[in-house]
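Here the structure is laid out as structure tokens; the discussion comes afterwards.
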Protein chains: 2
Amino acid sequence: MKVEEALQILKEHGYKYTGKREEMIRICAEEKRYLSAKDIMERIRELYPTLSFDTVYRNISTFVRLGILEETELEGEGRFRLACSADGHHHHHVICTECGKTSSLPGCPMNVMSSVPDDFQVTGHKFEVYGMCKECVAHAN
Amino acid sequence: MKVEEALQILKEHGYKYTGKREEMIRICAEEKRYLSAKDIMERIRELYPTLSFDTVYRNISTFVRLGILEETELEGEGRFRLACSADGHHHHHVICTECGKTSSLPGCPMNVMSSVPDDFQVTGHKFEVYGMCKECVAHAN
DNA sequence: CTTTAAATCGGATTTGTTCTGATTTACTAT
DNA sequence: ATAGTAAATCAGAACAAATCCGATTTAAAG
């Protein structure tokens, strides 16, 4: 997803344009990585030094609700990245547990799941592969 | 896994036997569900009314480390259930997001993953299907 | 330009979890 | 059995992530 698309989605849903929102999205768009709220916080403060957590958290959760950001959880804290599943077709990621960097995986296990117990009404699923990226492996030695 | 096996694992690793530990494991063994620390807390207090949360959390994390409990995370809080992957072969679950009830899924997506990017050193994975169990669906109407 | 609802601020609050130092308890070796 | 010791537990403080609150500012519609 591109920054412009994200801003368009906000507009379509009646949210106001603010420089802070754009900058948050821009920061997320810069890297194929999961960022924590704190990460985003730190970076955005270069431009908006007085921005409060509340704003960051509130906007993040709006973005997640609108499908602009994808969410996961690493070491007990939420991590976010610009949605990419929305772009082409649905897929999943390998995630570096050190730096949050991601790489796409082909396909989705749900396609090959022959049978899901019929006493469950399925609402979603999560498939994530964890590991260390080349850079973090090198760095660890 | 059975309560006795779990206690055996503790013993093998040099942990002491305590009634509180046994009771915690017993509580988890009673149901095929993910329980929160608070859930376990409430139930164990029937038998040990003064037990502190520190003990519950510390023991839980010991159990997880030893593979006695499996861990996941629902709505920002840790949830635990007696390990069952250890029993037979490795598998995954459908989890009811209302009550934590689980049902096993056949197979593991990693087996059919043709290619994982080779710039990642894989350390683990998570595959969970979420939904509502029959009882919770009925209850919601 | 005015109006107004949404967005932000800053700080307090909540919630899940972990830490700390003192006390108790399960096990080991006498 | 008993004493010694390391582990387990306790109670409450501390912590970190996230959310809530009332007051203030701001985007955008008229």
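Labels for the structure tokens follow display order: chains A, B, ..., residues from 1 in each chain, ligands from 1.
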Select from stretch 9-132 of chain B everything DSSP, run on the backbone, classes as helix (DSSP H, G or I), then give the selection as number ranges by chain. B: 9-12, 19-29, 37-44, 53-65, 109-112
Residues of chain D within 10 Å of chain A, counting only C-alpha atoms (C1' of nucleotides) - could you list those as JSON, numbers by chain? {"D": [16, 17, 18, 19, 20, 26, 27, 28]}
Would you write out those residues with N, CA and C atoms (P, O5', C5', C4', C3', O3' and C1' of nucleotides), as a PDB file, in the first residue's frame?
ATOM      1  P    DA D  16       9.856   0.307  32.747  1.00  0.00           P
ATOM      2  O5'  DA D  16       8.957  -0.319  31.601  1.00  0.00           O
ATOM      3  C5'  DA D  16       8.703  -1.727  31.577  1.00  0.00           C
ATOM      4  C4'  DA D  16       7.536  -1.981  30.653  1.00  0.00           C
ATOM      5  C3'  DA D  16       7.401  -0.949  29.540  1.00  0.00           C
ATOM      6  O3'  DA D  16       7.028  -1.621  28.357  1.00  0.00           O
ATOM      7  C1'  DA D  16       5.432  -0.964  30.850  1.00  0.00           C
ATOM      8  P    DA D  17       6.915  -0.792  27.007  1.00  0.00           P
ATOM      9  O5'  DA D  17       5.423  -1.087  26.587  1.00  0.00           O
ATOM     10  C5'  DA D  17       4.951  -2.430  26.528  1.00  0.00           C
ATOM     11  C4'  DA D  17       3.453  -2.402  26.459  1.00  0.00           C
ATOM     12  C3'  DA D  17       2.899  -1.553  25.321  1.00  0.00           C
ATOM     13  O3'  DA D  17       1.937  -2.318  24.629  1.00  0.00           O
ATOM     14  C1'  DA D  17       1.957  -0.882  27.404  1.00  0.00           C
ATOM     15  P    DA D  18       1.259  -1.699  23.336  1.00  0.00           P
ATOM     16  O5'  DA D  18      -0.061  -1.061  23.951  1.00  0.00           O
ATOM     17  C5'  DA D  18      -0.936  -1.898  24.707  1.00  0.00           C
ATOM     18  C4'  DA D  18      -1.986  -1.042  25.364  1.00  0.00           C
ATOM     19  C3'  DA D  18      -2.752  -0.116  24.415  1.00  0.00           C
ATOM     20  O3'  DA D  18      -4.101  -0.526  24.409  1.00  0.00           O
ATOM     21  C1'  DA D  18      -2.130   0.980  26.441  1.00  0.00           C
ATOM     22  P    DT D  19      -5.190   0.265  23.595  1.00  0.00           P
ATOM     23  O5'  DT D  19      -5.939   1.116  24.721  1.00  0.00           O
ATOM     24  C5'  DT D  19      -6.325   0.475  25.927  1.00  0.00           C
ATOM     25  C4'  DT D  19      -6.926   1.509  26.853  1.00  0.00           C
ATOM     26  C3'  DT D  19      -7.956   2.429  26.191  1.00  0.00           C
ATOM     27  O3'  DT D  19      -9.139   2.359  26.977  1.00  0.00           O
ATOM     28  C1'  DT D  19      -6.359   3.678  27.428  1.00  0.00           C
ATOM     29  P    DC D  20     -10.463   3.118  26.580  1.00  0.00           P
ATOM     30  O5'  DC D  20     -10.460   4.309  27.641  1.00  0.00           O
ATOM     31  C5'  DC D  20     -10.323   3.985  29.030  1.00  0.00           C
ATOM     32  C4'  DC D  20     -10.242   5.273  29.842  1.00  0.00           C
ATOM     33  C3'  DC D  20     -11.292   6.316  29.471  1.00  0.00           C
ATOM     34  O3'  DC D  20     -11.850   6.816  30.678  1.00  0.00           O
ATOM     35  C1'  DC D  20      -9.129   7.255  29.402  1.00  0.00           C
ATOM     36  P    DT D  26      -3.468  24.722  16.770  1.00  0.00           P
ATOM     37  O5'  DT D  26      -4.429  23.911  15.796  1.00  0.00           O
ATOM     38  C5'  DT D  26      -4.334  22.489  15.743  1.00  0.00           C
ATOM     39  C4'  DT D  26      -5.363  21.969  14.762  1.00  0.00           C
ATOM     40  C3'  DT D  26      -5.441  22.779  13.471  1.00  0.00           C
ATOM     41  O3'  DT D  26      -5.575  21.855  12.420  1.00  0.00           O
ATOM     42  C1'  DT D  26      -7.556  22.597  14.399  1.00  0.00           C
ATOM     43  P    DA D  27      -5.055  22.157  10.949  1.00  0.00           P
ATOM     44  O5'  DA D  27      -6.055  21.280  10.080  1.00  0.00           O
ATOM     45  C5'  DA D  27      -6.280  19.916  10.438  1.00  0.00           C
ATOM     46  C4'  DA D  27      -7.610  19.453   9.876  1.00  0.00           C
ATOM     47  C3'  DA D  27      -7.841  19.789   8.418  1.00  0.00           C
ATOM     48  O3'  DA D  27      -8.507  18.684   7.842  1.00  0.00           O
ATOM     49  C1'  DA D  27      -9.488  20.879   9.760  1.00  0.00           C
ATOM     50  P    DA D  28      -8.819  18.621   6.295  1.00  0.00           P
ATOM     51  O5'  DA D  28     -10.293  19.253   6.206  1.00  0.00           O
ATOM     52  C5'  DA D  28     -11.408  18.475   6.653  1.00  0.00           C
ATOM     53  C4'  DA D  28     -12.648  19.333   6.623  1.00  0.00           C
ATOM     54  C3'  DA D  28     -12.950  19.962   5.258  1.00  0.00           C
ATOM     55  O3'  DA D  28     -14.353  20.027   5.114  1.00  0.00           O
ATOM     56  C1'  DA D  28     -12.905  21.612   6.853  1.00  0.00           C
TER      57       DA D  28
END
Any chance you could tabulate, as CSV, the residues of chain C at most 10 Å from chain A with each one's nearest atom pair and distance in Å to one decimal, using only C-alpha atoms (C1' of nucleotides), in chain and rising number order?
residue,atom,partner,partner_atom,distance
C:DA6,C1',A:Lys16,CA,7.4
C:DA7,C1',A:Lys16,CA,8.2
C:DT8,C1',A:Thr55,CA,6.5
C:DC9,C1',A:Ser52,CA,6.5
C:DG10,C1',A:Ser52,CA,7.4
C:DG16,C1',A:Gly76,CA,9.8
C:DT17,C1',A:Gly76,CA,9.7
Output C-alpha atoms (C1' of nucleotides) for every residue in that selection, as a PDB file, in the first residue's frame.
ATOM      1  C1'  DA C   6     -12.892  15.813  15.206  1.00  0.00           C
ATOM      2  C1'  DA C   7      -8.086  15.688  16.612  1.00  0.00           C
ATOM      3  C1'  DT C   8      -4.646  16.522  19.863  1.00  0.00           C
ATOM      4  C1'  DC C   9      -2.565  17.438  24.379  1.00  0.00           C
ATOM      5  C1'  DG C  10      -0.776  16.214  28.799  1.00  0.00           C
ATOM      6  C1'  DG C  16      -1.168  -7.297  32.816  1.00  0.00           C
ATOM      7  C1'  DT C  17       3.101  -8.608  34.406  1.00  0.00           C
TER       8       DT C  17
END
Have a look at A:Phe120, A:His139, A:Asn111, A:Cys28 and name the one nearest to chain B; count only C-alpha atoms.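 Ranked by minimum distance to chain B, first place goes to A:Phe120.
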Counting only C-alpha atoms, chain B residues within 8 Å of chain A, as a PyMOL selection string: chain B and resi 76+94+96+103+105-106+109+113+115-117+119-134+137
Go ahead and save the residues from that selection, with N, CA, C and O atoms, as a compact mmCIF listing (two decimals), in the first residue's frame.
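Written output follows (part15.txt):
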# COMPACT_ATOMS: atom_id res chain seq x y z
N GLY B 76 -4.63 -9.01 24.16
CA GLY B 76 -3.57 -8.40 24.95
C GLY B 76 -3.22 -9.10 26.25
O GLY B 76 -2.49 -8.56 27.06
N VAL B 94 -7.79 -24.69 16.46
CA VAL B 94 -8.80 -23.66 16.32
C VAL B 94 -9.08 -23.20 17.73
O VAL B 94 -9.20 -24.02 18.64
N CYS B 96 -11.46 -20.70 20.27
CA CYS B 96 -12.63 -19.85 20.43
C CYS B 96 -12.20 -18.56 21.12
O CYS B 96 -11.67 -18.58 22.23
N SER B 103 -9.77 -26.87 19.57
CA SER B 103 -9.99 -28.13 18.87
C SER B 103 -8.79 -28.32 17.94
O SER B 103 -8.27 -27.34 17.39
N LEU B 105 -6.28 -29.22 14.86
CA LEU B 105 -6.30 -29.20 13.40
C LEU B 105 -5.32 -30.27 12.92
O LEU B 105 -4.30 -30.50 13.55
N PRO B 106 -5.63 -30.86 11.78
CA PRO B 106 -4.71 -31.87 11.25
C PRO B 106 -3.53 -31.19 10.58
O PRO B 106 -3.69 -30.18 9.90
N PRO B 109 1.19 -26.32 8.64
CA PRO B 109 1.50 -25.64 7.39
C PRO B 109 2.97 -25.68 7.00
O PRO B 109 3.31 -25.59 5.82
N MET B 113 4.94 -25.85 3.31
CA MET B 113 5.61 -24.63 2.86
C MET B 113 6.72 -25.05 1.92
O MET B 113 7.74 -25.59 2.34
N SER B 115 8.76 -23.08 0.14
CA SER B 115 10.00 -22.30 0.27
C SER B 115 9.88 -21.22 1.32
O SER B 115 8.95 -20.42 1.31
N VAL B 116 10.83 -21.22 2.24
CA VAL B 116 10.96 -20.09 3.16
C VAL B 116 12.19 -19.32 2.71
O VAL B 116 13.22 -19.93 2.44
N PRO B 117 12.06 -18.01 2.60
CA PRO B 117 13.19 -17.18 2.12
C PRO B 117 14.48 -17.58 2.82
O PRO B 117 14.50 -17.72 4.04
N ASP B 119 17.14 -15.98 3.38
CA ASP B 119 17.88 -14.98 4.15
C ASP B 119 17.33 -14.89 5.57
O ASP B 119 17.67 -13.97 6.31
N PHE B 120 16.49 -15.84 5.95
CA PHE B 120 16.01 -15.91 7.33
C PHE B 120 16.40 -17.24 7.94
O PHE B 120 16.29 -18.28 7.31
N GLN B 121 16.87 -17.18 9.18
CA GLN B 121 17.16 -18.38 9.92
C GLN B 121 15.93 -18.65 10.79
O GLN B 121 15.71 -17.99 11.80
N VAL B 122 15.12 -19.61 10.38
CA VAL B 122 13.83 -19.84 11.02
C VAL B 122 13.98 -20.43 12.42
O VAL B 122 14.75 -21.36 12.64
N THR B 123 13.25 -19.85 13.37
CA THR B 123 13.33 -20.34 14.75
C THR B 123 11.99 -20.87 15.26
O THR B 123 11.94 -21.54 16.28
N GLY B 124 10.92 -20.55 14.57
CA GLY B 124 9.62 -21.00 15.05
C GLY B 124 8.50 -20.54 14.17
O GLY B 124 8.74 -19.86 13.16
N HIS B 125 7.30 -20.89 14.54
CA HIS B 125 6.15 -20.44 13.77
C HIS B 125 4.90 -20.53 14.61
O HIS B 125 4.90 -21.19 15.66
N LYS B 126 3.87 -19.84 14.14
CA LYS B 126 2.60 -19.87 14.84
C LYS B 126 1.48 -19.97 13.83
O LYS B 126 1.45 -19.21 12.86
N PHE B 127 0.63 -20.94 14.02
CA PHE B 127 -0.54 -21.06 13.15
C PHE B 127 -1.73 -21.29 14.05
O PHE B 127 -1.78 -22.27 14.79
N GLU B 128 -2.65 -20.35 14.03
CA GLU B 128 -3.85 -20.47 14.85
C GLU B 128 -5.06 -20.04 14.03
O GLU B 128 -5.00 -19.03 13.33
N VAL B 129 -6.12 -20.81 14.14
CA VAL B 129 -7.37 -20.42 13.51
C VAL B 129 -8.28 -19.93 14.62
O VAL B 129 -8.34 -20.54 15.70
N TYR B 130 -8.92 -18.79 14.39
CA TYR B 130 -9.79 -18.22 15.41
C TYR B 130 -11.25 -18.32 15.01
O TYR B 130 -11.57 -18.34 13.82
N GLY B 131 -12.11 -18.39 16.00
CA GLY B 131 -13.54 -18.47 15.70
C GLY B 131 -14.36 -18.50 16.97
O GLY B 131 -13.86 -18.14 18.05
N MET B 132 -15.59 -18.90 16.82
CA MET B 132 -16.44 -19.05 17.99
C MET B 132 -16.94 -20.48 18.03
O MET B 132 -17.36 -21.03 17.01
N CYS B 133 -16.87 -21.09 19.21
CA CYS B 133 -17.33 -22.46 19.33
C CYS B 133 -18.86 -22.49 19.34
O CYS B 133 -19.50 -21.47 19.57
N LYS B 134 -19.42 -23.65 19.07
CA LYS B 134 -20.86 -23.82 19.00
C LYS B 134 -21.57 -23.20 20.20
O LYS B 134 -22.51 -22.44 20.05
N VAL B 137 -21.49 -19.37 20.14
CA VAL B 137 -22.37 -18.85 19.10
C VAL B 137 -23.81 -18.86 19.63
O VAL B 137 -24.51 -17.86 19.54
Report as a PyMOL selection string: the residues of chain B with a DSSP assignment of strand (DSSP E or B), based on the backbone of this structure. chain B and resi 33+35-36+69-74+77-82+92-96+101-105+120-133
Any chance you could export the current selection's N, CA, C and O atoms as a short mmCIF file (atom, residue, chain, number, x, y, z; two decimals), in the first residue's frame?
data_model
loop_
_atom_site.label_atom_id
_atom_site.label_comp_id
_atom_site.auth_asym_id
_atom_site.auth_seq_id
_atom_site.Cartn_x
_atom_site.Cartn_y
_atom_site.Cartn_z
N ARG B 33 -8.90 -25.91 27.03
CA ARG B 33 -9.12 -24.48 26.82
C ARG B 33 -7.89 -23.69 27.18
O ARG B 33 -7.09 -24.11 28.02
N LEU B 35 -6.53 -20.73 29.25
CA LEU B 35 -6.95 -19.97 30.43
C LEU B 35 -6.00 -18.79 30.62
O LEU B 35 -4.82 -18.89 30.33
N SER B 36 -6.53 -17.69 31.13
CA SER B 36 -5.68 -16.56 31.46
C SER B 36 -5.10 -16.79 32.86
O SER B 36 -5.59 -17.62 33.62
N LEU B 69 3.13 -26.18 29.59
CA LEU B 69 2.02 -25.37 29.09
C LEU B 69 2.36 -24.79 27.72
O LEU B 69 3.52 -24.51 27.44
N GLU B 70 1.32 -24.61 26.91
CA GLU B 70 1.46 -23.88 25.66
C GLU B 70 0.86 -22.50 25.86
O GLU B 70 -0.11 -22.34 26.58
N GLU B 71 1.46 -21.52 25.20
CA GLU B 71 1.07 -20.15 25.43
C GLU B 71 0.52 -19.51 24.15
O GLU B 71 0.99 -19.79 23.06
N THR B 72 -0.47 -18.65 24.30
CA THR B 72 -0.84 -17.78 23.21
C THR B 72 -1.29 -16.46 23.81
O THR B 72 -1.09 -16.23 25.00
N GLU B 73 -1.91 -15.62 23.00
CA GLU B 73 -2.22 -14.28 23.48
C GLU B 73 -3.54 -13.89 22.85
O GLU B 73 -3.71 -13.97 21.64
N LEU B 74 -4.50 -13.54 23.69
CA LEU B 74 -5.82 -13.12 23.21
C LEU B 74 -6.18 -11.80 23.85
O LEU B 74 -6.15 -11.67 25.07
N GLU B 77 -3.74 -10.33 26.44
CA GLU B 77 -3.33 -11.01 27.67
C GLU B 77 -2.93 -12.45 27.38
O GLU B 77 -3.49 -13.10 26.49
N GLY B 78 -1.94 -12.92 28.11
CA GLY B 78 -1.43 -14.27 27.90
C GLY B 78 -2.46 -15.32 28.25
O GLY B 78 -3.19 -15.17 29.23
N ARG B 79 -2.51 -16.39 27.48
CA ARG B 79 -3.43 -17.49 27.74
C ARG B 79 -2.65 -18.79 27.65
O ARG B 79 -1.75 -18.93 26.83
N PHE B 80 -3.06 -19.74 28.49
CA PHE B 80 -2.27 -20.96 28.62
C PHE B 80 -3.12 -22.21 28.64
O PHE B 80 -4.23 -22.20 29.16
N ARG B 81 -2.58 -23.29 28.10
CA ARG B 81 -3.26 -24.57 28.18
C ARG B 81 -2.21 -25.67 28.28
O ARG B 81 -1.06 -25.50 27.86
N LEU B 82 -2.61 -26.78 28.84
CA LEU B 82 -1.71 -27.91 28.97
C LEU B 82 -1.24 -28.32 27.59
O LEU B 82 -2.04 -28.43 26.67
N HIS B 92 -1.75 -27.98 15.39
CA HIS B 92 -2.23 -26.65 15.75
C HIS B 92 -3.70 -26.68 16.14
O HIS B 92 -4.31 -27.74 16.13
N HIS B 93 -4.23 -25.50 16.50
CA HIS B 93 -5.59 -25.45 17.05
C HIS B 93 -6.50 -24.40 16.42
O HIS B 93 -6.03 -23.38 15.95
N VAL B 94 -7.79 -24.69 16.46
CA VAL B 94 -8.80 -23.66 16.32
C VAL B 94 -9.08 -23.20 17.73
O VAL B 94 -9.20 -24.02 18.64
N ILE B 95 -9.16 -21.89 17.94
CA ILE B 95 -9.36 -21.35 19.28
C ILE B 95 -10.60 -20.47 19.30
O ILE B 95 -10.77 -19.59 18.46
N CYS B 96 -11.46 -20.70 20.27
CA CYS B 96 -12.63 -19.85 20.43
C CYS B 96 -12.20 -18.56 21.12
O CYS B 96 -11.67 -18.58 22.23
N LYS B 101 -11.81 -22.13 24.26
CA LYS B 101 -11.88 -23.56 23.94
C LYS B 101 -11.13 -23.86 22.65
O LYS B 101 -11.10 -23.04 21.74
N THR B 102 -10.51 -25.04 22.60
CA THR B 102 -9.72 -25.39 21.42
C THR B 102 -10.14 -26.72 20.81
O THR B 102 -10.75 -27.54 21.48
N SER B 103 -9.77 -26.87 19.57
CA SER B 103 -9.99 -28.13 18.87
C SER B 103 -8.79 -28.32 17.94
O SER B 103 -8.27 -27.34 17.39
N SER B 104 -8.30 -29.54 17.81
CA SER B 104 -7.08 -29.75 17.05
C SER B 104 -7.31 -29.69 15.54
O SER B 104 -8.37 -30.05 15.06
N LEU B 105 -6.28 -29.22 14.86
CA LEU B 105 -6.30 -29.20 13.40
C LEU B 105 -5.32 -30.27 12.92
O LEU B 105 -4.30 -30.50 13.55
N PHE B 120 16.49 -15.84 5.95
CA PHE B 120 16.01 -15.91 7.33
C PHE B 120 16.40 -17.24 7.94
O PHE B 120 16.29 -18.28 7.31
N GLN B 121 16.87 -17.18 9.18
CA GLN B 121 17.16 -18.38 9.92
C GLN B 121 15.93 -18.65 10.79
O GLN B 121 15.71 -17.99 11.80
N VAL B 122 15.12 -19.61 10.38
CA VAL B 122 13.83 -19.84 11.02
C VAL B 122 13.98 -20.43 12.42
O VAL B 122 14.75 -21.36 12.64
N THR B 123 13.25 -19.85 13.37
CA THR B 123 13.33 -20.34 14.75
C THR B 123 11.99 -20.87 15.26
O THR B 123 11.94 -21.54 16.28
N GLY B 124 10.92 -20.55 14.57
CA GLY B 124 9.62 -21.00 15.05
C GLY B 124 8.50 -20.54 14.17
O GLY B 124 8.74 -19.86 13.16
N HIS B 125 7.30 -20.89 14.54
CA HIS B 125 6.15 -20.44 13.77
C HIS B 125 4.90 -20.53 14.61
O HIS B 125 4.90 -21.19 15.66
N LYS B 126 3.87 -19.84 14.14
CA LYS B 126 2.60 -19.87 14.84
C LYS B 126 1.48 -19.97 13.83
O LYS B 126 1.45 -19.21 12.86
N PHE B 127 0.63 -20.94 14.02
CA PHE B 127 -0.54 -21.06 13.15
C PHE B 127 -1.73 -21.29 14.05
O PHE B 127 -1.78 -22.27 14.79
N GLU B 128 -2.65 -20.35 14.03
CA GLU B 128 -3.85 -20.47 14.85
C GLU B 128 -5.06 -20.04 14.03
O GLU B 128 -5.00 -19.03 13.33
N VAL B 129 -6.12 -20.81 14.14
CA VAL B 129 -7.37 -20.42 13.51
C VAL B 129 -8.28 -19.93 14.62
O VAL B 129 -8.34 -20.54 15.70
N TYR B 130 -8.92 -18.79 14.39
CA TYR B 130 -9.79 -18.22 15.41
C TYR B 130 -11.25 -18.32 15.01
O TYR B 130 -11.57 -18.34 13.82
N GLY B 131 -12.11 -18.39 16.00
CA GLY B 131 -13.54 -18.47 15.70
C GLY B 131 -14.36 -18.50 16.97
O GLY B 131 -13.86 -18.14 18.05
N MET B 132 -15.59 -18.90 16.82
CA MET B 132 -16.44 -19.05 17.99
C MET B 132 -16.94 -20.48 18.03
O MET B 132 -17.36 -21.03 17.01
N CYS B 133 -16.87 -21.09 19.21
CA CYS B 133 -17.33 -22.46 19.33
C CYS B 133 -18.86 -22.49 19.34
O CYS B 133 -19.50 -21.47 19.57
#
